[in-house]
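See below for the structure under consideration.
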Amino acid sequence: MLNRRELLAAGAAAIGTGIAPAAFAQAFPAKPVKIIVPWTAGGTGDIQARLIGQHMSQTLGQPVVIENKPGGGTIIGTGFVAKAPADGHTLLLMANSFVINAKLHSSTLPYEGLKAFEAVACLTNSPQVIAVNAASPYKTFKDWIAAAKAKPDTLSYATVGPATTQHIAGEMLQRAAGIRLIYTPFAGGAPAVNAVLAGHVDTVLANVSEMNSFLEAGKLRALAVTTLQRLDSMKQVPTVAESGIAGYEAAAWFGLVAPAGTPRDAVAKLADAANKALADAEVKKKLLAIGLDPYLMGPPQFSAHISDQFAKYSKVIDEAGIKA
């Protein structure tokens, strides 16, 4: 066996040659992994981070701690992770807002946009639903589109505020369908839904989780979903794509990223832990209950997805003249 002096000499030699034998390398993760959630506690992002993080801790053999850092339209939490050590122990739960901010705030972000992060795993998507008041004369999505084409700038649609995923989804729909709608922003999904329930706005485009109870109660009528596939929970509701707007897709998605430069082996272990979490039947059941569909992508696929979404959103933002 080597004595202490011989061990130190061997370690120094390994450092000098740039080689780190397994005997001296520290296995990842070496401490608790932190997931920064750039939204307040209790929301969809926070709940899924806790569900998935709890299961990931079993695979990683270290606690996965959730920390909320809301503010600045997710920029505060995102900037915190960008400046964290690139060792895999600090992750960001990000969503569509990440690529929107990269476009709208490109010159003022406290980090280098997309370049500041390594993709780990896409986790879920939050389907959007286009719905009307149950008393509306529009029984189908095709009826609604026909009315919008017949009377441009007449039908109104409510979403969360400007420069949000839902706002951009509405702009994408207008361009794809060749229609012009009256955009009516609200400070949140609930006020937008309530405006349609009260008859003040014709249509709402929002997360399924924000209107599901009203759909089930028969107070709202779902015309279409914005995913490429029909939802398991709403099999009777067609997609926008199958209703005549080929290729249309506009779902909110969530994923994990790490600071740029995070070692590949750490990224691979984190991605594997996320994969196993989403494969768990109980985790999947709980995600579906809050309106989230598993939407897993590994590091290469998720990286390509982020770049694709940035290009897609940037095009619509430029064409529609959307400002921060």
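So you can find residues: chains in the structure tokens are A, B, ... in the order shown, residues in each start at 1, and ligands are numbered from 1 in order.
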I'd like the contact shell of Ile168 of chain A - 10 Å cut-off, only C-alpha atoms, skipping same-chain residues fewer than 2 positions apart - returned as a list in words.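 Everything that qualifies: Ile100, Thr159, Pro162, Ala163, Thr164, Thr165, Gln166, Gly170, Glu171, Met172, Leu173, Gln174, Ala250, Tyr313, Ser314, Val316, Ile317, Ala320 and Ile322 of chain A.
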Neighbour list for His89 of chain A as a VMD selection string, cut-off 7 Å, only C-alpha atoms, skip fewer than 4 positions in-chain: chain A and resid 29 32 to 34
What is the atom CA of Gly53 of chain A-atom CA of Lys285 of chain A distance in Å, reported with one decimal? 15.3 Å
Using only C-alpha atoms, find the one residue out of A:Thr203, A:Thr239, A:Asn101, A:Thr90 that sits nearest to Ile76 of chain A.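 Closest residue, counting only C-alpha atoms: A:Asn101.
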Tell me, as a list in words, which residues lie within 7 Å of Gly161 of chain A, counting only C-alpha atoms; anything in the same chain fewer than 5 positions away does not count.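 Residues meeting the cut-off are Pro185, Phe186, Ala187 and Gly188 of chain A.
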Any chance you could export the current selection's N, CA and C atoms as a compact mmCIF listing (two decimals), in the first residue's frame?
# COMPACT_ATOMS: atom_id res chain seq x y z
N PRO A 185 -54.90 41.63 -23.69
CA PRO A 185 -54.03 41.07 -22.64
C PRO A 185 -54.59 41.25 -21.23
N PHE A 186 -54.29 40.28 -20.38
CA PHE A 186 -54.68 40.35 -18.97
C PHE A 186 -53.47 39.99 -18.11
N ALA A 187 -53.53 40.38 -16.84
CA ALA A 187 -52.41 40.12 -15.92
C ALA A 187 -52.56 38.75 -15.27
N GLY A 188 -52.56 37.72 -16.12
CA GLY A 188 -52.68 36.36 -15.60
C GLY A 188 -53.70 35.55 -16.35
Check the DSSP output for the backbone and give back, as a list in words, the residues of segment 46-140 of chain A in strand (DSSP E). Val64, Val65, Ile66, Glu67, Asn68, Thr90, Leu91, Leu92, Leu93, Met94, Ala95, Phe117, Glu118, Ala119, Val120, Ala121, Cys122, Leu123, Thr124, Asn125, Ser126, Gln128, Val129, Ile130, Ala131, Val132 and Asn133 of chain A
Those residues you just picked out, can you put them in a file as a JSON list (two decimals), in the first residue's frame with N, CA and C atoms?
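Below is the file that was written, part.json:
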[["chain", "number", "residue", "atom", "x", "y", "z"],
["A", 64, "VAL", "N", -32.05, 16.74, -3.81],
["A", 64, "VAL", "CA", -32.28, 17.75, -4.84],
["A", 64, "VAL", "C", -33.15, 18.83, -4.19],
["A", 65, "VAL", "N", -32.58, 20.00, -4.04],
["A", 65, "VAL", "CA", -33.22, 21.09, -3.31],
["A", 65, "VAL", "C", -33.82, 22.09, -4.29],
["A", 66, "ILE", "N", -35.06, 22.48, -4.06],
["A", 66, "ILE", "CA", -35.73, 23.46, -4.93],
["A", 66, "ILE", "C", -35.66, 24.83, -4.27],
["A", 67, "GLU", "N", -35.21, 25.82, -5.02],
["A", 67, "GLU", "CA", -35.12, 27.19, -4.50],
["A", 67, "GLU", "C", -35.80, 28.14, -5.47],
["A", 68, "ASN", "N", -36.75, 28.91, -4.97],
["A", 68, "ASN", "CA", -37.50, 29.86, -5.80],
["A", 68, "ASN", "C", -36.78, 31.21, -5.85],
["A", 90, "THR", "N", -25.90, 23.11, -9.71],
["A", 90, "THR", "CA", -26.93, 24.16, -9.77],
["A", 90, "THR", "C", -27.58, 24.13, -11.14],
["A", 91, "LEU", "N", -28.89, 23.92, -11.16],
["A", 91, "LEU", "CA", -29.65, 23.83, -12.41],
["A", 91, "LEU", "C", -30.74, 24.89, -12.44],
["A", 92, "LEU", "N", -31.23, 25.16, -13.63],
["A", 92, "LEU", "CA", -32.36, 26.08, -13.81],
["A", 92, "LEU", "C", -33.51, 25.34, -14.45],
["A", 93, "LEU", "N", -34.71, 25.52, -13.88],
["A", 93, "LEU", "CA", -35.92, 25.07, -14.56],
["A", 93, "LEU", "C", -36.36, 26.22, -15.45],
["A", 94, "MET", "N", -36.28, 26.02, -16.74],
["A", 94, "MET", "CA", -36.61, 27.11, -17.66],
["A", 94, "MET", "C", -37.80, 26.74, -18.54],
["A", 95, "ALA", "N", -38.33, 27.75, -19.20],
["A", 95, "ALA", "CA", -39.50, 27.54, -20.06],
["A", 95, "ALA", "C", -39.39, 28.45, -21.27],
["A", 117, "PHE", "N", -25.81, 28.59, -21.20],
["A", 117, "PHE", "CA", -26.29, 27.35, -20.58],
["A", 117, "PHE", "C", -26.03, 26.11, -21.42],
["A", 118, "GLU", "N", -25.98, 24.98, -20.71],
["A", 118, "GLU", "CA", -25.91, 23.65, -21.31],
["A", 118, "GLU", "C", -27.28, 23.00, -21.15],
["A", 119, "ALA", "N", -27.83, 22.48, -22.23],
["A", 119, "ALA", "CA", -29.11, 21.77, -22.14],
["A", 119, "ALA", "C", -28.93, 20.46, -21.40],
["A", 120, "VAL", "N", -29.84, 20.15, -20.49],
["A", 120, "VAL", "CA", -29.81, 18.88, -19.74],
["A", 120, "VAL", "C", -30.95, 17.98, -20.18],
["A", 121, "ALA", "N", -32.18, 18.46, -20.03],
["A", 121, "ALA", "CA", -33.34, 17.65, -20.41],
["A", 121, "ALA", "C", -34.58, 18.50, -20.53],
["A", 122, "CYS", "N", -35.34, 18.30, -21.59],
["A", 122, "CYS", "CA", -36.68, 18.88, -21.67],
["A", 122, "CYS", "C", -37.57, 17.93, -20.86],
["A", 123, "LEU", "N", -38.45, 18.47, -20.05],
["A", 123, "LEU", "CA", -39.23, 17.67, -19.11],
["A", 123, "LEU", "C", -40.70, 17.53, -19.49],
["A", 124, "THR", "N", -41.38, 18.65, -19.64],
["A", 124, "THR", "CA", -42.83, 18.62, -19.83],
["A", 124, "THR", "C", -43.27, 19.72, -20.80],
["A", 125, "ASN", "N", -44.49, 19.60, -21.28],
["A", 125, "ASN", "CA", -45.11, 20.74, -21.94],
["A", 125, "ASN", "C", -46.48, 20.98, -21.33],
["A", 126, "SER", "N", -46.92, 22.21, -21.45],
["A", 126, "SER", "CA", -48.21, 22.61, -20.90],
["A", 126, "SER", "C", -49.11, 22.99, -22.07],
["A", 128, "GLN", "N", -51.82, 24.32, -24.59],
["A", 128, "GLN", "CA", -52.68, 25.49, -24.64],
["A", 128, "GLN", "C", -54.02, 25.09, -25.27],
["A", 129, "VAL", "N", -55.06, 25.73, -24.84],
["A", 129, "VAL", "CA", -56.40, 25.45, -25.36],
["A", 129, "VAL", "C", -57.03, 26.75, -25.85],
["A", 130, "ILE", "N", -57.68, 26.69, -26.99],
["A", 130, "ILE", "CA", -58.46, 27.82, -27.50],
["A", 130, "ILE", "C", -59.91, 27.51, -27.16],
["A", 131, "ALA", "N", -60.54, 28.39, -26.38],
["A", 131, "ALA", "CA", -61.89, 28.11, -25.89],
["A", 131, "ALA", "C", -62.77, 29.36, -25.96],
["A", 132, "VAL", "N", -64.07, 29.11, -25.98],
["A", 132, "VAL", "CA", -65.06, 30.19, -25.98],
["A", 132, "VAL", "C", -66.08, 29.93, -24.87],
["A", 133, "ASN", "N", -66.86, 30.94, -24.58],
["A", 133, "ASN", "CA", -67.96, 30.79, -23.63],
["A", 133, "ASN", "C", -68.92, 29.72, -24.14]]
